[in-house]
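Enquirer: Structure in structure tokens, see below.
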Amino acid sequence: MITKQALQFLDDLIANNNTEWMHANKKRYEDYKKDYHSFIASILSEMKPLDPTLEPLEVKNCTFRINRDIRFSKDKSPYKTNMGVWFTQNKNRKNSPGYYIHYEKGACFIAGGVWCPEPNELKLIRKEIEFFHDDLEKIVTDKTFKSEFNQITRDENNMLKKAPKDIDPNHPAIEFLKLKSYTASQKIDEKLFTQPDFSKTIAKKLMALKPMNDFLRRALETEE
């Protein structure tokens with residue numbers, strides 16, 4: 001679980017998102033960071049036995065910087081007021097499949113898969129689906145996957161309107177092949193984050209994504 005003090009720090013940061021406040025509360029930030037890292041370590045210890053590909057991960061591989069990249073943003077607030085955790089199946093690959101946990105006041109969720117793969121990676125995933133779409137269909141229709149995540153995320157920003165170039169528009173898996181990202185997500189109650197059994201509960205939920213991640217990892221790591 002995450003401490004109430006850590007969440008209070010994020011709440012206060014929402015109202016005081018400036019460098020002056022952060023400098024004045026440096027000790028609180030250092031305490032927050034310790035809690036954040038301890039939180040990750042607790043979840044990672046539950047995840048590793050369930051997904052051996054995560055074994056090489058250390059806490060430092062799963063964190064996000066609190067500083068926002070404001071170079072191209074109209075919002076010039078310097079700090080993130082959410083907390084994210086990322087467990088990747090291959091820390092040496094930029095877009096390796098993984099599991100994500102997001103805490104944000106009123107907008108908490110868990111997710112996994114591959115988000116916005118590079119064009120060459122997207123090509124590999126689509127090729128795997130072209131030849132082994134039955135495997136993916138079996139994964140996303142499994143009752144555990146459906147009960148936790150319902151389906152792979154589909155929206156107008158995540159799908160092509162037409163079949164990708166060089167792919168038969170009548171392919172039986174065309175709705176999968178038109179996707180630009182391969183992720184699934186579930187909203188969760190923010191109260192869960194302070195429950196003593198959070199790490200065990202959330203690890204179990206995230207493991208419903210493991211078969212999909214394994215399929216995507218196979219696609220990205222299979223040599224052509």
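To be explicit about the labels: the chains of the structure tokens are called A, B, and onward in the order shown, and within each one the residues are counted from 1, while ligands get numbers from 1 in the order they are shown.
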Give me the residues within 12 Å of A:Thr222 as number ranges by chain, counting only C-alpha atoms and dropping any in the same chain fewer than 3 places off.
Expert: A: 121, 124-125, 127-128, 214-219
Enquirer: Determine, counting only C-alpha atoms, which protein, DNA and RNA residues have an atom within 6 Å of an atom of stretch 159-161 of chain A; residues of the same chain fewer than 2 positions away are not included. Present the result as a PDB file with N, CA, C and O atoms, in the first residue's frame.
Expert:
ATOM      1  N   GLU A 156     -11.517   5.842 -31.253  1.00  0.00           N
ATOM      2  CA  GLU A 156     -11.206   6.462 -32.547  1.00  0.00           C
ATOM      3  C   GLU A 156      -9.753   6.905 -32.663  1.00  0.00           C
ATOM      4  O   GLU A 156      -9.213   7.008 -33.769  1.00  0.00           O
ATOM      5  N   ASN A 157      -9.112   7.165 -31.521  1.00  0.00           N
ATOM      6  CA  ASN A 157      -7.701   7.574 -31.547  1.00  0.00           C
ATOM      7  C   ASN A 157      -6.757   6.385 -31.646  1.00  0.00           C
ATOM      8  O   ASN A 157      -5.566   6.548 -31.909  1.00  0.00           O
ATOM      9  N   LYS A 178      -6.389  -3.368 -37.233  1.00  0.00           N
ATOM     10  CA  LYS A 178      -6.554  -1.925 -37.408  1.00  0.00           C
ATOM     11  C   LYS A 178      -6.110  -1.127 -36.173  1.00  0.00           C
ATOM     12  O   LYS A 178      -6.011   0.093 -36.235  1.00  0.00           O
ATOM     13  N   LEU A 179      -5.837  -1.806 -35.078  1.00  0.00           N
ATOM     14  CA  LEU A 179      -5.404  -1.115 -33.861  1.00  0.00           C
ATOM     15  C   LEU A 179      -4.008  -0.520 -34.025  1.00  0.00           C
ATOM     16  O   LEU A 179      -3.160  -1.072 -34.711  1.00  0.00           O
ATOM     17  N   LYS A 180      -3.782   0.608 -33.370  1.00  0.00           N
ATOM     18  CA  LYS A 180      -2.467   1.259 -33.378  1.00  0.00           C
ATOM     19  C   LYS A 180      -1.733   1.056 -32.059  1.00  0.00           C
ATOM     20  O   LYS A 180      -0.525   1.285 -31.971  1.00  0.00           O
TER      21      LYS A 180
END
Enquirer: Env of A:Asp35: 7 Å cut, atoms = only C-alpha atoms, seq-sep filter 6 positions within chain, self excluded. Answer as a ChimeraX atom specification.
Expert: /A:2-3,6
Enquirer: Would you output that residue set with all heavy atoms, as a short mmCIF file (atom, residue, chain, number, x, y, z; two decimals), in the first residue's frame?
Expert:
data_model
loop_
_atom_site.label_atom_id
_atom_site.label_comp_id
_atom_site.auth_asym_id
_atom_site.auth_seq_id
_atom_site.Cartn_x
_atom_site.Cartn_y
_atom_site.Cartn_z
N ILE A 2 0.29 2.37 -0.40
CA ILE A 2 0.98 3.64 -0.34
C ILE A 2 0.51 4.36 0.94
O ILE A 2 -0.63 4.18 1.37
CB ILE A 2 0.70 4.50 -1.59
CG1 ILE A 2 1.62 5.71 -1.65
CG2 ILE A 2 -0.76 4.93 -1.65
CD1 ILE A 2 3.06 5.38 -1.91
N THR A 3 1.38 5.14 1.54
CA THR A 3 1.01 5.80 2.79
C THR A 3 0.07 6.98 2.54
O THR A 3 0.11 7.60 1.47
CB THR A 3 2.26 6.32 3.53
OG1 THR A 3 2.87 7.36 2.75
CG2 THR A 3 3.27 5.20 3.76
N ALA A 6 2.00 10.13 1.73
CA ALA A 6 2.43 10.29 0.34
C ALA A 6 1.30 10.85 -0.50
O ALA A 6 1.52 11.75 -1.35
CB ALA A 6 2.90 8.95 -0.22
#
Enquirer: Quick one: residues within 6 Å of stretch 83-85 of chain A, only C-alpha atoms, excluding same-chain residues fewer than 2 positions away - as a PyMOL selection string?
Expert: chain A and resi 62-63+100-103
Enquirer: Once you have the residues from the selection above, write them out as a tab-separated table (two decimals), in the first residue's frame, restricted to C-alpha atoms.
Expert:
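The resulting file, part_11.tsv, is shown below:
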chain	number	residue	atom	x	y	z
A	62	CYS	CA	9.75	1.07	-12.62
A	63	THR	CA	9.66	4.73	-11.58
A	100	TYR	CA	1.01	-0.06	-15.42
A	101	ILE	CA	-0.48	1.33	-12.20
A	102	HIS	CA	-1.74	4.91	-12.06
A	103	TYR	CA	-2.79	6.93	-9.02
Enquirer: Taking 6 positions as the minimum chain separation for residues in the same chain, which residues sit within 9 Å of A:Leu50 when counting only C-alpha atoms? Answer as an mmCIF file with C-alpha atoms, in the first residue's frame.
Expert:
data_model
loop_
_atom_site.group_PDB
_atom_site.id
_atom_site.type_symbol
_atom_site.label_atom_id
_atom_site.label_comp_id
_atom_site.auth_asym_id
_atom_site.auth_seq_id
_atom_site.Cartn_x
_atom_site.Cartn_y
_atom_site.Cartn_z
ATOM 1 C CA ALA A 203 -0.740 -8.163 -8.742
ATOM 2 C CA LYS A 204 -3.511 -10.725 -9.125
ATOM 3 C CA MET A 207 -1.809 -11.082 -14.117
ATOM 4 C CA LYS A 210 0.030 -11.693 -18.763
#
Enquirer: Report as a ChimeraX atom specification all protein, DNA and RNA residues lying within 10 Å of A:Asn90, evaluated on only C-alpha atoms, omitting residues in the same chain fewer than 6 positions from it.
Expert: /A:53-57,96-98,217,221
Enquirer: Using DSSP secondary structure from the backbone, list all helix (DSSP H, G or I) positions within stretch 64-156 of chain A, as a PyMOL selection string.
Expert: chain A and resi 119-141+143-149
Enquirer: What does the structure give for the distance between atom CA of A:Arg126 and atom CA of A:Asn213, in Å to one decimal?
Expert: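 Separation between atom CA of A:Arg126 and atom CA of A:Asn213: 14.3 Å.
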Enquirer: Record the distance separating atom CA of A:Cys108 and atom CA of A:Asp197, expressed in Å with one decimal.
Expert: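 We find that atom CA of A:Cys108 and atom CA of A:Asp197 lie 17.0 Å from each other.
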